$ cat start07.csv   # CSV, C-alpha atoms
chain,number,residue,atom,x,y,z
K,194,MET,CA,16.5,4.9,31.4
K,195,THR,CA,13.0,6.3,31.2
K,196,GLU,CA,11.0,5.2,28.3
K,197,THR,CA,8.0,7.2,27.1
K,198,LEU,CA,5.5,6.2,24.5
K,199,PRO,CA,5.5,8.2,21.3
K,200,ILE,CA,2.7,10.8,21.2
K,201,ALA,CA,0.0,10.2,18.7
K,202,GLU,CA,0.2,6.5,19.4
K,203,THR,CA,-3.1,4.8,19.2
K,204,SER,CA,-4.1,1.3,20.2
K,205,ARG,CA,-3.3,-0.2,16.9
K,206,LEU,CA,-1.5,2.2,14.5
K,207,ILE,CA,1.6,4.4,14.9
K,208,ALA,CA,2.7,7.3,12.8
K,209,SER,CA,5.8,6.4,10.8
K,210,ASP,CA,7.7,9.5,12.0
K,211,LEU,CA,7.0,8.6,15.7
K,212,VAL,CA,8.4,5.0,15.8
K,213,ASN,CA,11.8,6.4,16.9
K,214,GLY,CA,12.3,5.6,20.6
K,215,THR,CA,9.9,2.7,20.9
K,216,PRO,CA,11.6,0.4,23.4
K,217,VAL,CA,12.9,-3.1,22.5
K,218,TYR,CA,13.3,-6.0,24.9
K,219,SER,CA,14.9,-9.3,24.8
K,220,ASN,CA,13.0,-12.6,25.1
K,221,ASN,CA,13.7,-12.6,28.8
K,222,GLY,CA,12.6,-9.1,29.4
K,223,GLU,CA,15.8,-7.1,29.4
K,224,HIS,CA,15.7,-3.6,27.9
K,225,LEU,CA,18.0,-3.8,24.9
K,226,GLY,CA,17.5,-0.6,23.1
K,227,SER,CA,15.0,1.2,21.0
K,228,ILE,CA,13.7,1.5,17.4
K,229,ARG,CA,15.4,4.1,15.2
K,230,ASN,CA,13.1,3.7,12.2
K,231,PHE,CA,11.4,1.2,10.0
K,232,MET,CA,12.4,0.3,6.5
K,233,VAL,CA,9.3,0.1,4.4
K,234,ASP,CA,8.7,-1.2,1.0
K,235,LYS,CA,7.5,1.8,-1.0
K,236,ALA,CA,5.2,-0.2,-3.3
K,237,SER,CA,3.6,-2.6,-0.8
K,238,GLY,CA,3.7,-0.5,2.3
K,239,ARG,CA,5.1,-3.5,4.3
K,240,THR,CA,7.7,-2.9,6.9
K,241,GLU,CA,10.6,-5.3,6.1
K,242,TYR,CA,13.2,-4.2,8.7
K,243,ALA,CA,13.1,-2.5,12.1
K,244,VAL,CA,16.3,-0.6,12.6
K,245,LEU,CA,17.4,-0.9,16.3
K,246,GLN,CA,19.6,1.3,18.2
K,247,PHE,CA,21.4,-0.2,21.2
K,248,GLY,CA,22.6,2.4,23.6
K,249,GLY,CA,24.3,1.9,27.0
K,250,PHE,CA,23.6,-1.7,27.6
K,251,LEU,CA,26.2,-3.0,25.2
K,252,GLY,CA,28.2,0.2,25.1
K,253,ILE,CA,28.2,0.2,21.3
K,254,GLY,CA,27.3,3.8,20.7
K,255,ASN,CA,25.4,5.0,17.7
K,256,ASP,CA,25.3,2.0,15.6
K,257,TYR,CA,22.1,0.9,13.9
K,258,TYR,CA,21.0,-2.7,13.4
K,259,PRO,CA,18.4,-3.6,10.8
K,260,ILE,CA,16.4,-6.6,12.1
K,261,PRO,CA,14.0,-8.6,9.8
K,262,TRP,CA,10.5,-7.8,10.8
K,263,GLU,CA,9.6,-11.4,11.6
K,264,LYS,CA,12.1,-11.4,14.4
K,265,LEU,CA,10.0,-8.8,16.3
K,266,GLY,CA,6.8,-9.2,18.3
K,267,TYR,CA,4.7,-6.3,19.5
K,268,GLU,CA,3.7,-6.3,23.2
K,269,PRO,CA,0.9,-3.8,23.7
K,270,ILE,CA,1.1,-3.9,27.5
K,271,ARG,CA,4.7,-2.7,27.4
K,272,GLY,CA,4.2,-0.5,24.3
K,273,GLY,CA,7.3,-2.0,22.8
K,274,TYR,CA,8.8,-4.9,20.8
K,275,VAL,CA,10.3,-8.1,22.0
K,276,VAL,CA,13.0,-9.3,19.6
K,277,ASP,CA,14.0,-12.9,19.2
K,278,ILE,CA,17.8,-12.4,19.1
K,279,THR,CA,20.4,-12.9,21.7
K,280,PRO,CA,23.1,-10.3,22.9
K,281,ASP,CA,25.7,-12.6,21.2
K,282,GLN,CA,23.8,-12.4,17.9
K,283,ILE,CA,23.8,-8.6,18.2
K,284,ARG,CA,27.5,-8.3,18.9
K,285,SER,CA,28.4,-9.6,15.4
K,286,ALA,CA,25.3,-8.5,13.6
K,287,PRO,CA,25.3,-6.3,10.4
K,288,ARG,CA,25.3,-2.7,11.5
K,289,TYR,CA,25.9,0.8,10.2
K,290,GLY,CA,26.7,4.2,11.5
K,291,GLU,CA,25.1,7.6,10.6
K,292,GLU,CA,25.1,6.8,6.9
K,293,ALA,CA,22.7,4.0,6.0
K,294,PRO,CA,23.8,1.5,3.4
K,295,LEU,CA,21.8,0.8,0.2
K,296,PHE,CA,19.2,-1.8,1.1
K,297,ASP,CA,19.7,-3.7,-2.1
K,298,LYS,CA,19.4,-7.4,-2.9
K,299,ASP,CA,22.9,-8.1,-1.6
K,300,TYR,CA,22.1,-6.5,1.7
K,301,ASP,CA,18.8,-8.3,1.9
K,302,GLN,CA,20.8,-11.5,1.4
K,303,THR,CA,23.4,-10.6,4.1
K,304,LEU,CA,20.6,-10.0,6.6
K,305,SER,CA,18.6,-13.1,5.8
K,306,ASP,CA,21.7,-15.2,5.9
K,307,TYR,CA,22.7,-13.7,9.3
K,308,TYR,CA,19.3,-14.0,11.0
K,309,ARG,CA,18.3,-17.2,9.1
K,310,THR,CA,15.1,-15.6,7.9
K,311,PRO,CA,13.5,-15.9,4.5
K,312,PRO,CA,14.6,-13.2,2.0
K,313,PRO,CA,12.1,-10.4,1.9
K,314,PHE,CA,9.2,-10.4,-0.4
K,315,ILE,CA,10.3,-8.8,-3.7
R,55,MET,CA,7.6,23.6,-7.0
R,56,THR,CA,10.8,21.6,-6.9
R,57,GLU,CA,10.5,18.1,-5.6
R,58,THR,CA,13.5,16.3,-4.2
R,59,LEU,CA,13.7,12.7,-3.3
R,60,PRO,CA,14.3,11.9,0.3
R,61,ILE,CA,17.9,11.0,1.1
R,62,ALA,CA,18.5,7.4,2.1
R,63,GLU,CA,15.9,6.3,-0.4
R,64,THR,CA,16.9,3.1,-2.1
R,65,SER,CA,15.4,1.4,-5.1
R,66,ARG,CA,12.8,-0.5,-3.1
R,67,LEU,CA,12.7,0.5,0.6
R,68,ILE,CA,12.4,3.8,2.3
R,69,ALA,CA,13.2,4.8,5.9
R,70,SER,CA,10.0,5.5,7.8
R,71,ASP,CA,11.2,8.9,9.0
R,72,LEU,CA,12.0,10.0,5.5
R,73,VAL,CA,8.6,9.5,3.7
R,74,ASN,CA,7.7,13.1,4.5
R,75,GLY,CA,7.7,15.1,1.4
R,76,THR,CA,7.3,12.3,-1.1
R,77,PRO,CA,5.3,13.8,-4.0
R,78,VAL,CA,1.7,12.7,-4.7
R,79,TYR,CA,0.1,13.0,-8.1
R,80,SER,CA,-3.4,12.6,-9.4
R,81,ASN,CA,-4.3,10.0,-12.0
R,82,ASN,CA,-3.9,12.5,-14.8
R,83,GLY,CA,-0.4,13.6,-13.6
R,84,GLU,CA,-1.2,16.8,-11.6
R,85,HIS,CA,1.0,17.4,-8.6
R,86,LEU,CA,-1.5,17.3,-5.7
R,87,GLY,CA,0.7,17.4,-2.6
R,88,SER,CA,3.0,15.3,-0.6
R,89,ILE,CA,3.1,12.5,2.0
R,90,ARG,CA,3.3,13.7,5.6
R,91,ASN,CA,3.6,10.2,7.1
R,92,PHE,CA,2.4,6.7,7.1
R,93,MET,CA,0.1,5.1,9.7
R,94,VAL,CA,1.5,1.7,10.3
R,95,ASP,CA,0.0,-1.3,12.2
R,96,LYS,CA,2.4,-1.8,15.1
R,97,ALA,CA,1.9,-5.6,15.2
R,98,SER,CA,1.9,-6.5,11.5
R,99,GLY,CA,4.1,-3.7,10.2
R,100,ARG,CA,1.7,-3.0,7.4
R,101,THR,CA,1.0,0.6,6.3
R,102,GLU,CA,-2.7,1.2,6.4
R,103,TYR,CA,-3.0,4.9,5.6
R,104,ALA,CA,-0.8,7.4,3.9
R,105,VAL,CA,-1.4,10.8,5.3
R,106,LEU,CA,-1.4,13.4,2.6
R,107,GLN,CA,-0.7,17.1,2.8
R,108,PHE,CA,-2.1,19.3,0.2
R,109,GLY,CA,-0.4,22.7,0.0
R,110,GLY,CA,-0.9,25.5,-2.5
R,111,PHE,CA,-2.9,23.7,-5.2
R,112,LEU,CA,-6.2,23.6,-3.3
R,113,GLY,CA,-5.3,26.4,-0.9
R,114,ILE,CA,-6.3,24.3,2.0
R,115,GLY,CA,-3.3,24.9,4.3
R,116,ASN,CA,-2.0,22.5,6.9
R,117,ASP,CA,-4.7,19.9,6.8
R,118,TYR,CA,-3.8,16.3,6.7
R,119,TYR,CA,-5.8,13.6,4.9
R,120,PRO,CA,-5.4,10.0,5.7
R,121,ILE,CA,-5.9,7.9,2.5
R,122,PRO,CA,-6.3,4.1,2.6
R,123,TRP,CA,-3.1,2.5,1.3
R,124,GLU,CA,-4.9,0.7,-1.5
R,125,LYS,CA,-5.8,4.0,-3.1
R,126,LEU,CA,-2.1,4.7,-3.7
R,127,GLY,CA,0.3,3.3,-6.4
R,128,TYR,CA,4.0,3.8,-6.3
R,129,GLU,CA,5.6,5.1,-9.5
R,130,PRO,CA,9.4,4.5,-9.4
R,131,ILE,CA,10.1,6.7,-12.3
R,132,ARG,CA,8.7,9.7,-10.6
R,133,GLY,CA,9.7,8.7,-7.1
R,134,GLY,CA,6.2,9.4,-5.9
R,135,TYR,CA,2.7,8.1,-5.5
R,136,VAL,CA,-0.3,8.3,-7.8
R,137,VAL,CA,-3.5,8.5,-5.8
R,138,ASP,CA,-6.8,7.3,-7.2
R,139,ILE,CA,-8.9,10.2,-5.9
R,140,THR,CA,-10.3,13.3,-7.5
R,141,PRO,CA,-9.9,16.9,-6.3
R,142,ASP,CA,-13.7,16.8,-5.6
R,143,GLN,CA,-13.2,13.8,-3.3
R,144,ILE,CA,-10.4,15.6,-1.5
R,145,ARG,CA,-12.5,18.7,-0.9
R,146,SER,CA,-14.9,17.0,1.4
R,147,ALA,CA,-12.6,14.2,2.7
R,148,PRO,CA,-11.9,13.4,6.4
R,149,ARG,CA,-9.1,15.6,7.5
R,150,TYR,CA,-7.4,16.9,10.6
R,151,GLY,CA,-5.0,19.7,11.7
R,152,GLU,CA,-1.9,19.6,13.8
R,153,GLU,CA,-3.5,17.2,16.3
R,154,ALA,CA,-4.1,13.7,14.8
R,155,PRO,CA,-7.3,11.9,15.8
R,156,LEU,CA,-7.3,8.6,17.5
R,157,PHE,CA,-7.2,6.0,14.6
R,158,ASP,CA,-9.7,3.7,16.2
R,159,LYS,CA,-12.4,1.5,14.7
R,160,ASP,CA,-14.8,4.3,14.3
R,161,TYR,CA,-12.3,6.4,12.3
R,162,ASP,CA,-11.4,3.3,10.3
R,163,GLN,CA,-15.1,3.0,9.4
R,164,THR,CA,-15.4,6.7,8.5
R,165,LEU,CA,-12.4,6.4,6.1
R,166,SER,CA,-13.5,3.1,4.6
R,167,ASP,CA,-17.0,4.5,4.1
R,168,TYR,CA,-15.7,7.7,2.5
R,169,TYR,CA,-13.3,6.1,0.1
R,170,ARG,CA,-15.4,2.9,-0.4
R,171,THR,CA,-12.4,0.7,0.6
R,172,PRO,CA,-12.6,-2.5,2.7
R,173,PRO,CA,-12.1,-1.8,6.4
R,174,PRO,CA,-8.5,-2.4,7.3
R,175,PHE,CA,-7.2,-5.8,8.4
R,176,ILE,CA,-7.6,-6.0,12.2

$ encode --input "start07.csv" --output "structure tokens"
Amino acid sequence: MTETLPIAETSRLIASDLVNGTPVYSNNGEHLGSIRNFMVDKASGRTEYAVLQFGGFLGIGNDYYPIPWEKLGYEPIRGGYVVDITPDQIRSAPRYGEEAPLFDKDYDQTLSDYYRTPPPFI
Amino acid sequence: MTETLPIAETSRLIASDLVNGTPVYSNNGEHLGSIRNFMVDKASGRTEYAVLQFGGFLGIGNDYYPIPWEKLGYEPIRGGYVVDITPDQIRSAPRYGEEAPLFDKDYDQTLSDYYRTPPPFI
């Protein structure tokens, strides 16, 4: 699979409508998938989840996986994110199809329980 | 002009690809324009600028105005942002057309000088 960097990408910032397609790697360098979008707190402007799309590798199809932001690290050299989760964790992770769920407190709790991350700043 | 809320908007988070069209108001309640996109720090996930699009009202056309995040306040009741800038400030503000500039340190400096905001976290 060929990965291309989003246009209008600069050294430090990215336009919110261009994050789609940013590659995502595992800790050991495997290409896992790509970013679909970010879920951003409307008041604070903080990204709380990156929604990942895993195509091909796991054969899962068009399911989307919201991952707490603290599980991602940006790697400028690769122009992508390394995510601190295992394929096993992904297999049973919270996911959704074309219709996104309501990201309410219950869903925040589900995600923080699953990934053992602190509940998001509220 | 009829404003509609982006779909998949929840009470607290918004998908980064759906911020386009979010209405923007002045301090005294005038509808000024709408959000085109956010400029997000790839490593920290923080939104540093909201890019505003002013159509009609000022007759400026398709120019885009990056505004430091701290100049915006979110108003849940209206489902939009109130921006602490005057029409006069907008008239001579840094702007660009279809091709976005490189958001480098010089541009950060230009914007923080213009809006008298602290330079963004680096």

$ residues_around --input "start07.csv" --residues "region 262-264 of chain K" --least-positions-apart "4" --cutoff "7 Å" --atoms "all atoms listed in the file" --output "JSON, numbers by chain"
{"K": [240, 241, 242, 243, 276, 277]}

$ interface_residues --input "start07.csv" --of "chain K" --to "chain R" --cutoff "9 Å" --atoms "only C-alpha atoms" --output "PyMOL selection string"
chain K and resi 201-213+229-241+262+265-269+274+292-297+315

$ write_last_selection --input "start07.csv" --atoms "C-alpha atoms" --output "PDB file, keeping the file's coordinate frame"
ATOM      1  CA  ALA K 201       0.000  10.200  18.700  1.00  0.00           C
ATOM      2  CA  GLU K 202       0.200   6.500  19.400  1.00  0.00           C
ATOM      3  CA  THR K 203      -3.100   4.800  19.200  1.00  0.00           C
ATOM      4  CA  SER K 204      -4.100   1.300  20.200  1.00  0.00           C
ATOM      5  CA  ARG K 205      -3.300  -0.200  16.900  1.00  0.00           C
ATOM      6  CA  LEU K 206      -1.500   2.200  14.500  1.00  0.00           C
ATOM      7  CA  ILE K 207       1.600   4.400  14.900  1.00  0.00           C
ATOM      8  CA  ALA K 208       2.700   7.300  12.800  1.00  0.00           C
ATOM      9  CA  SER K 209       5.800   6.400  10.800  1.00  0.00           C
ATOM     10  CA  ASP K 210       7.700   9.500  12.000  1.00  0.00           C
ATOM     11  CA  LEU K 211       7.000   8.600  15.700  1.00  0.00           C
ATOM     12  CA  VAL K 212       8.400   5.000  15.800  1.00  0.00           C
ATOM     13  CA  ASN K 213      11.800   6.400  16.900  1.00  0.00           C
ATOM     14  CA  ARG K 229      15.400   4.100  15.200  1.00  0.00           C
ATOM     15  CA  ASN K 230      13.100   3.700  12.200  1.00  0.00           C
ATOM     16  CA  PHE K 231      11.400   1.200  10.000  1.00  0.00           C
ATOM     17  CA  MET K 232      12.400   0.300   6.500  1.00  0.00           C
ATOM     18  CA  VAL K 233       9.300   0.100   4.400  1.00  0.00           C
ATOM     19  CA  ASP K 234       8.700  -1.200   1.000  1.00  0.00           C
ATOM     20  CA  LYS K 235       7.500   1.800  -1.000  1.00  0.00           C
ATOM     21  CA  ALA K 236       5.200  -0.200  -3.300  1.00  0.00           C
ATOM     22  CA  SER K 237       3.600  -2.600  -0.800  1.00  0.00           C
ATOM     23  CA  GLY K 238       3.700  -0.500   2.300  1.00  0.00           C
ATOM     24  CA  ARG K 239       5.100  -3.500   4.300  1.00  0.00           C
ATOM     25  CA  THR K 240       7.700  -2.900   6.900  1.00  0.00           C
ATOM     26  CA  GLU K 241      10.600  -5.300   6.100  1.00  0.00           C
ATOM     27  CA  TRP K 262      10.500  -7.800  10.800  1.00  0.00           C
ATOM     28  CA  LEU K 265      10.000  -8.800  16.300  1.00  0.00           C
ATOM     29  CA  GLY K 266       6.800  -9.200  18.300  1.00  0.00           C
ATOM     30  CA  TYR K 267       4.700  -6.300  19.500  1.00  0.00           C
ATOM     31  CA  GLU K 268       3.700  -6.300  23.200  1.00  0.00           C
ATOM     32  CA  PRO K 269       0.900  -3.800  23.700  1.00  0.00           C
ATOM     33  CA  TYR K 274       8.800  -4.900  20.800  1.00  0.00           C
ATOM     34  CA  GLU K 292      25.100   6.800   6.900  1.00  0.00           C
ATOM     35  CA  ALA K 293      22.700   4.000   6.000  1.00  0.00           C
ATOM     36  CA  PRO K 294      23.800   1.500   3.400  1.00  0.00           C
ATOM     37  CA  LEU K 295      21.800   0.800   0.200  1.00  0.00           C
ATOM     38  CA  PHE K 296      19.200  -1.800   1.100  1.00  0.00           C
ATOM     39  CA  ASP K 297      19.700  -3.700  -2.100  1.00  0.00           C
ATOM     40  CA  ILE K 315      10.300  -8.800  -3.700  1.00  0.00           C
TER      41      ILE K 315
END

$ atom_distance --input "start07.csv" --atom1 "CA of Gly226 (chain K)" --atom2 "CA of Tyr289 (chain K)"
15.5 Å

$ atom_distance --input "start07.csv" --atom1 "CA of Asp299 (chain K)" --atom2 "CA of Thr76 (chain R)"
25.7 Å

$ residues_near_point --input "start07.csv" --point "(26.3, 1.7, 11.7)" --cutoff "12 Å" --atoms "all atoms listed in the file" --output "list in words"
Arg229, Val244, Leu245, Gln246, Phe247, Ile253, Gly254, Asn255, Asp256, Tyr257, Tyr258, Pro259, Ala286, Pro287, Arg288, Tyr289, Gly290, Glu291, Glu292, Ala293 and Pro294 of chain K

$ atom_distance --input "start07.csv" --atom1 "CA of Pro173 (chain R)" --atom2 "CA of Pro77 (chain R)"
25.6 Å

$ closest_residue --input "start07.csv" --among "K:Ser305, K:Val275, K:Pro313, K:Ser285" --to "Glu223 (chain K)" --atoms "all atoms listed in the file"
K:Val275

$ closest_residue --input "start07.csv" --among "R:Pro141, R:Pro122, R:Gly75, R:Gly83" --to "Tyr161 (chain R)" --atoms "only C-alpha atoms"
R:Pro122

$ closest_residue --input "start07.csv" --among "K:Ile260, K:Gln302, K:Ile270, K:Thr279" --to "Asn221 (chain K)" --atoms "only C-alpha atoms"
K:Thr279

$ closest_residue --input "start07.csv" --among "K:Arg309, K:Ser227, K:Leu304, K:Tyr218" --to "Arg271 (chain K)" --atoms "all atoms listed in the file"
K:Tyr218

$ decode --input "start07.csv" --residues "region 75-102 of chain R" --atoms "N, CA, C and O atoms" --output "mmCIF file, in the first residue's frame"
data_model
loop_
_atom_site.group_PDB
_atom_site.id
_atom_site.type_symbol
_atom_site.label_atom_id
_atom_site.label_comp_id
_atom_site.auth_asym_id
_atom_site.auth_seq_id
_atom_site.Cartn_x
_atom_site.Cartn_y
_atom_site.Cartn_z
ATOM 1 N N GLY R 75 -18.134 24.714 8.369
ATOM 2 C CA GLY R 75 -19.500 25.215 8.368
ATOM 3 C C GLY R 75 -20.021 25.636 9.727
ATOM 4 O O GLY R 75 -21.099 26.229 9.809
ATOM 5 N N THR R 76 -19.281 25.319 10.789
ATOM 6 C CA THR R 76 -19.714 25.756 12.120
ATOM 7 C C THR R 76 -19.804 27.284 12.138
ATOM 8 O O THR R 76 -18.858 27.965 11.745
ATOM 9 N N PRO R 77 -20.931 27.844 12.562
ATOM 10 C CA PRO R 77 -21.082 29.299 12.486
ATOM 11 C C PRO R 77 -20.199 30.050 13.477
ATOM 12 O O PRO R 77 -19.871 29.545 14.542
ATOM 13 N N VAL R 78 -19.840 31.262 13.082
ATOM 14 C CA VAL R 78 -18.996 32.129 13.905
ATOM 15 C C VAL R 78 -19.702 33.481 14.050
ATOM 16 O O VAL R 78 -20.152 34.058 13.052
ATOM 17 N N TYR R 79 -19.779 33.949 15.284
ATOM 18 C CA TYR R 79 -20.464 35.199 15.593
ATOM 19 C C TYR R 79 -19.495 36.205 16.197
ATOM 20 O O TYR R 79 -18.470 35.836 16.776
ATOM 21 N N SER R 80 -19.848 37.461 16.053
ATOM 22 C CA SER R 80 -19.081 38.501 16.734
ATOM 23 C C SER R 80 -19.541 38.600 18.187
ATOM 24 O O SER R 80 -20.551 38.011 18.582
ATOM 25 N N ASN R 81 -18.790 39.377 18.959
ATOM 26 C CA ASN R 81 -19.138 39.597 20.359
ATOM 27 C C ASN R 81 -20.559 40.122 20.547
ATOM 28 O O ASN R 81 -21.201 39.824 21.548
ATOM 29 N N ASN R 82 -21.034 40.902 19.601
ATOM 30 C CA ASN R 82 -22.386 41.442 19.764
ATOM 31 C C ASN R 82 -23.440 40.659 18.981
ATOM 32 O O ASN R 82 -24.535 41.157 18.746
ATOM 33 N N GLY R 83 -23.091 39.421 18.605
ATOM 34 C CA GLY R 83 -24.109 38.506 18.106
ATOM 35 C C GLY R 83 -24.296 38.475 16.602
ATOM 36 O O GLY R 83 -25.124 37.715 16.101
ATOM 37 N N GLU R 84 -23.556 39.305 15.870
ATOM 38 C CA GLU R 84 -23.675 39.240 14.418
ATOM 39 C C GLU R 84 -23.094 37.943 13.879
ATOM 40 O O GLU R 84 -22.036 37.491 14.349
ATOM 41 N N HIS R 85 -23.731 37.413 12.853
ATOM 42 C CA HIS R 85 -23.155 36.252 12.175
ATOM 43 C C HIS R 85 -22.060 36.737 11.239
ATOM 44 O O HIS R 85 -22.310 37.488 10.293
ATOM 45 N N LEU R 86 -20.829 36.317 11.498
ATOM 46 C CA LEU R 86 -19.684 36.802 10.723
ATOM 47 C C LEU R 86 -19.298 35.867 9.590
ATOM 48 O O LEU R 86 -18.875 36.300 8.526
ATOM 49 N N GLY R 87 -19.397 34.583 9.835
ATOM 50 C CA GLY R 87 -18.941 33.620 8.832
ATOM 51 C C GLY R 87 -18.968 32.237 9.432
ATOM 52 O O GLY R 87 -19.800 31.944 10.295
ATOM 53 N N SER R 88 -18.051 31.398 8.978
ATOM 54 C CA SER R 88 -18.055 30.020 9.466
ATOM 55 C C SER R 88 -16.636 29.476 9.508
ATOM 56 O O SER R 88 -15.705 30.053 8.948
ATOM 57 N N ILE R 89 -16.508 28.365 10.201
ATOM 58 C CA ILE R 89 -15.227 27.681 10.290
ATOM 59 C C ILE R 89 -14.956 26.949 8.979
ATOM 60 O O ILE R 89 -15.834 26.263 8.454
ATOM 61 N N ARG R 90 -13.749 27.086 8.460
ATOM 62 C CA ARG R 90 -13.348 26.228 7.348
ATOM 63 C C ARG R 90 -12.693 24.957 7.893
ATOM 64 O O ARG R 90 -13.066 23.856 7.544
ATOM 65 N N ASN R 91 -11.692 25.123 8.721
ATOM 66 C CA ASN R 91 -11.049 23.965 9.355
ATOM 67 C C ASN R 91 -10.265 24.428 10.566
ATOM 68 O O ASN R 91 -10.224 25.625 10.877
ATOM 69 N N PHE R 92 -9.702 23.467 11.280
ATOM 70 C CA PHE R 92 -8.822 23.766 12.405
ATOM 71 C C PHE R 92 -7.397 23.425 11.987
ATOM 72 O O PHE R 92 -7.180 22.480 11.217
ATOM 73 N N MET R 93 -6.421 24.168 12.512
ATOM 74 C CA MET R 93 -5.024 23.784 12.337
ATOM 75 C C MET R 93 -4.564 23.175 13.654
ATOM 76 O O MET R 93 -4.568 23.839 14.697
ATOM 77 N N VAL R 94 -4.195 21.897 13.588
ATOM 78 C CA VAL R 94 -3.953 21.104 14.783
ATOM 79 C C VAL R 94 -2.471 20.725 14.865
ATOM 80 O O VAL R 94 -1.878 20.332 13.850
ATOM 81 N N ASP R 95 -1.906 20.843 16.052
ATOM 82 C CA ASP R 95 -0.538 20.391 16.269
ATOM 83 C C ASP R 95 -0.524 18.860 16.195
ATOM 84 O O ASP R 95 -1.226 18.184 16.949
ATOM 85 N N LYS R 96 0.288 18.345 15.286
ATOM 86 C CA LYS R 96 0.256 16.900 15.037
ATOM 87 C C LYS R 96 0.725 16.089 16.231
ATOM 88 O O LYS R 96 0.278 14.957 16.428
ATOM 89 N N ALA R 97 1.630 16.654 17.011
ATOM 90 C CA ALA R 97 2.169 15.900 18.140
ATOM 91 C C ALA R 97 1.292 16.021 19.381
ATOM 92 O O ALA R 97 1.017 15.029 20.051
ATOM 93 N N SER R 98 0.850 17.227 19.694
ATOM 94 C CA SER R 98 0.101 17.415 20.939
ATOM 95 C C SER R 98 -1.403 17.227 20.764
ATOM 96 O O SER R 98 -2.111 17.009 21.748
ATOM 97 N N GLY R 99 -1.882 17.339 19.519
ATOM 98 C CA GLY R 99 -3.317 17.251 19.287
ATOM 99 C C GLY R 99 -4.074 18.529 19.599
ATOM 100 O O GLY R 99 -5.299 18.552 19.528
ATOM 101 N N ARG R 100 -3.368 19.587 19.951
ATOM 102 C CA ARG R 100 -4.060 20.835 20.273
ATOM 103 C C ARG R 100 -4.400 21.633 19.026
ATOM 104 O O ARG R 100 -3.555 21.779 18.137
ATOM 105 N N THR R 101 -5.585 22.197 19.015
ATOM 106 C CA THR R 101 -5.947 23.123 17.947
ATOM 107 C C THR R 101 -5.296 24.468 18.229
ATOM 108 O O THR R 101 -5.484 25.040 19.295
ATOM 109 N N GLU R 102 -4.517 24.974 17.287
ATOM 110 C CA GLU R 102 -3.845 26.256 17.493
ATOM 111 C C GLU R 102 -4.534 27.400 16.763
ATOM 112 O O GLU R 102 -4.506 28.527 17.246
#
